[in-house]
Amino acid sequence: MFETDKWAFSGVDGQISLHKWQKTMDLITGLFSAPSGYIVQATSKGYRVVIRNNEGGSSFETNPILPPQTPLFCRHVAETNNILYVNDASNNDAWNTLPEVVEDGVESYLGLPIHWPEGEVFGTLCLKDTKITSYTDEYFELIEQLRDLIEDDLALVYSYEQMREIAMLDSLTDIYNRRALNLLAQQKLNLALRLGFDVCCLFIDINDFKKLNDTFGHEVGDKALIILADTLKNHLRDADIVGRLGGDEFVAVMQLSDKSKISYIMDKISSEYTNALLTESVCDLSLSIGYSFTNKQKQPFEALLNDADHAMYKNKQAYKLAKKLNNK
């Protein structure tokens, strides 16, 4: 799910042009004859300027973060989710002790909240002046319309990110689908080749999954798949790539500093999966897991995946043989 409490535009952003926001900000300050105007993002971590007028589109990398408890006009706007207009701050007991008034000489402040599509506050659009102002209703209507243009852009970013997540995630298990897995794993392999670290690919298959579906139905089978996905997410690192190829075939791509730990990791996944199945009152199941490591040479992810698949298949055949012998 798209997270609105993270800093936006912290890198190169392809969905909207901050140059467009810069032009909007310059237009607003020109129409209001205000010496300074800002677009500020507010998060739980604090406040940061996205754009200020006539400075060529300053982005977050060039603006410090002010702590969330900092006394600011913008903080009041973000916290109350309401427009704020103070036209004579030095003579207003509610505002005349703010550092912006005492230290920066701000006499007039007009700010209104900017929202993400579902209503969360993104931040503020604000104007500051060192002179007393008297903005009319027409000015308020104008700045609200310009604020709406900015919110339209945020809606595009929000929609794009949601579409991208949907396109990359398996709808049942909420982990990466095959398309995303191939893309992200290849990126990790390319990085590993440049930096010289080892990458391990795990190919994971649920034993007797077809029998489970045939006996108890697809609803129970789906639950077993979801539990396996959750087990992998909960017991591997955030940096590891976890995906579902389809059916009961899962893959994990991990950076490992010690190859000898691979047996422990596979045993841990198997035991935690068994425990989770018991907790959720799903019948006992086991896993067949195969693995492969990068060979310090440039290689496609499909080759690494194929090697892990072959290793998994051998383990599954061994499982079937052992089961057959035990049933005699």
# chains A, B, ... in the order shown; residues from 1 in each chain; ligands from 1

$ residues_around --residues "stretch 286-293 of chain A" --least-positions-apart "6" --cutoff "7 Å" --atoms "only C-alpha atoms" --output "PyMOL selection string"
chain A and resi 198-207+270+274+304+307-309+311-312+315-316

$ residues_around --residues "stretch 186-189 of chain A" --least-positions-apart "5" --cutoff "12 Å" --atoms "only C-alpha atoms" --output "PyMOL selection string"
chain A and resi 179-181+194-201+239-241+252-255+293-305

$ select_by_dssp --residues "stretch 43-151 of chain A" --states "alpha helix (DSSP H)" --output "PyMOL selection string"
chain A and resi 73-80+99-102+137-151

$ decode --residues "stretch 230-246 of chain A" --atoms "N, CA and C atoms" --output "CSV table (one decimal), in the first residue's frame"
chain,number,residue,atom,x,y,z
A,230,ASP,N,3.5,-15.6,4.2
A,230,ASP,CA,3.7,-14.8,5.4
A,230,ASP,C,4.9,-15.4,6.2
A,231,THR,N,5.1,-16.7,6.1
A,231,THR,CA,6.3,-17.3,6.8
A,231,THR,C,7.5,-16.7,6.2
A,232,LEU,N,7.6,-16.7,4.9
A,232,LEU,CA,8.8,-16.2,4.2
A,232,LEU,C,9.0,-14.7,4.5
A,233,LYS,N,8.0,-13.9,4.5
A,233,LYS,CA,8.1,-12.5,4.8
A,233,LYS,C,8.5,-12.2,6.3
A,234,ASN,N,8.0,-13.0,7.2
A,234,ASN,CA,8.3,-12.8,8.6
A,234,ASN,C,9.6,-13.3,9.0
A,235,HIS,N,10.2,-14.3,8.3
A,235,HIS,CA,11.4,-14.9,8.8
A,235,HIS,C,12.6,-14.7,7.8
A,236,LEU,N,12.4,-13.9,6.8
A,236,LEU,CA,13.6,-13.5,6.0
A,236,LEU,C,13.7,-12.0,6.2
A,237,ARG,N,14.8,-11.4,5.7
A,237,ARG,CA,15.0,-10.0,5.9
A,237,ARG,C,14.2,-9.1,4.9
A,238,ASP,N,14.0,-7.9,5.3
A,238,ASP,CA,13.3,-7.0,4.4
A,238,ASP,C,14.0,-6.8,3.1
A,239,ALA,N,15.3,-6.9,3.1
A,239,ALA,CA,16.1,-6.7,1.8
A,239,ALA,C,16.0,-7.9,0.9
A,240,ASP,N,15.5,-9.1,1.4
A,240,ASP,CA,15.4,-10.3,0.6
A,240,ASP,C,14.2,-10.2,-0.3
A,241,ILE,N,14.2,-10.8,-1.5
A,241,ILE,CA,13.2,-10.7,-2.4
A,241,ILE,C,12.4,-12.0,-2.4
A,242,VAL,N,11.1,-11.9,-2.1
A,242,VAL,CA,10.2,-13.0,-1.9
A,242,VAL,C,9.1,-12.9,-3.0
A,243,GLY,N,8.9,-14.0,-3.7
A,243,GLY,CA,7.9,-14.0,-4.7
A,243,GLY,C,7.2,-15.4,-5.0
A,244,ARG,N,6.1,-15.3,-5.7
A,244,ARG,CA,5.4,-16.6,-6.0
A,244,ARG,C,5.4,-16.7,-7.5
A,245,LEU,N,5.9,-17.8,-8.0
A,245,LEU,CA,6.0,-18.1,-9.5
A,245,LEU,C,4.6,-18.4,-10.0
A,246,GLY,N,3.8,-19.1,-9.2
A,246,GLY,CA,2.5,-19.6,-9.5
A,246,GLY,C,2.3,-20.9,-8.8
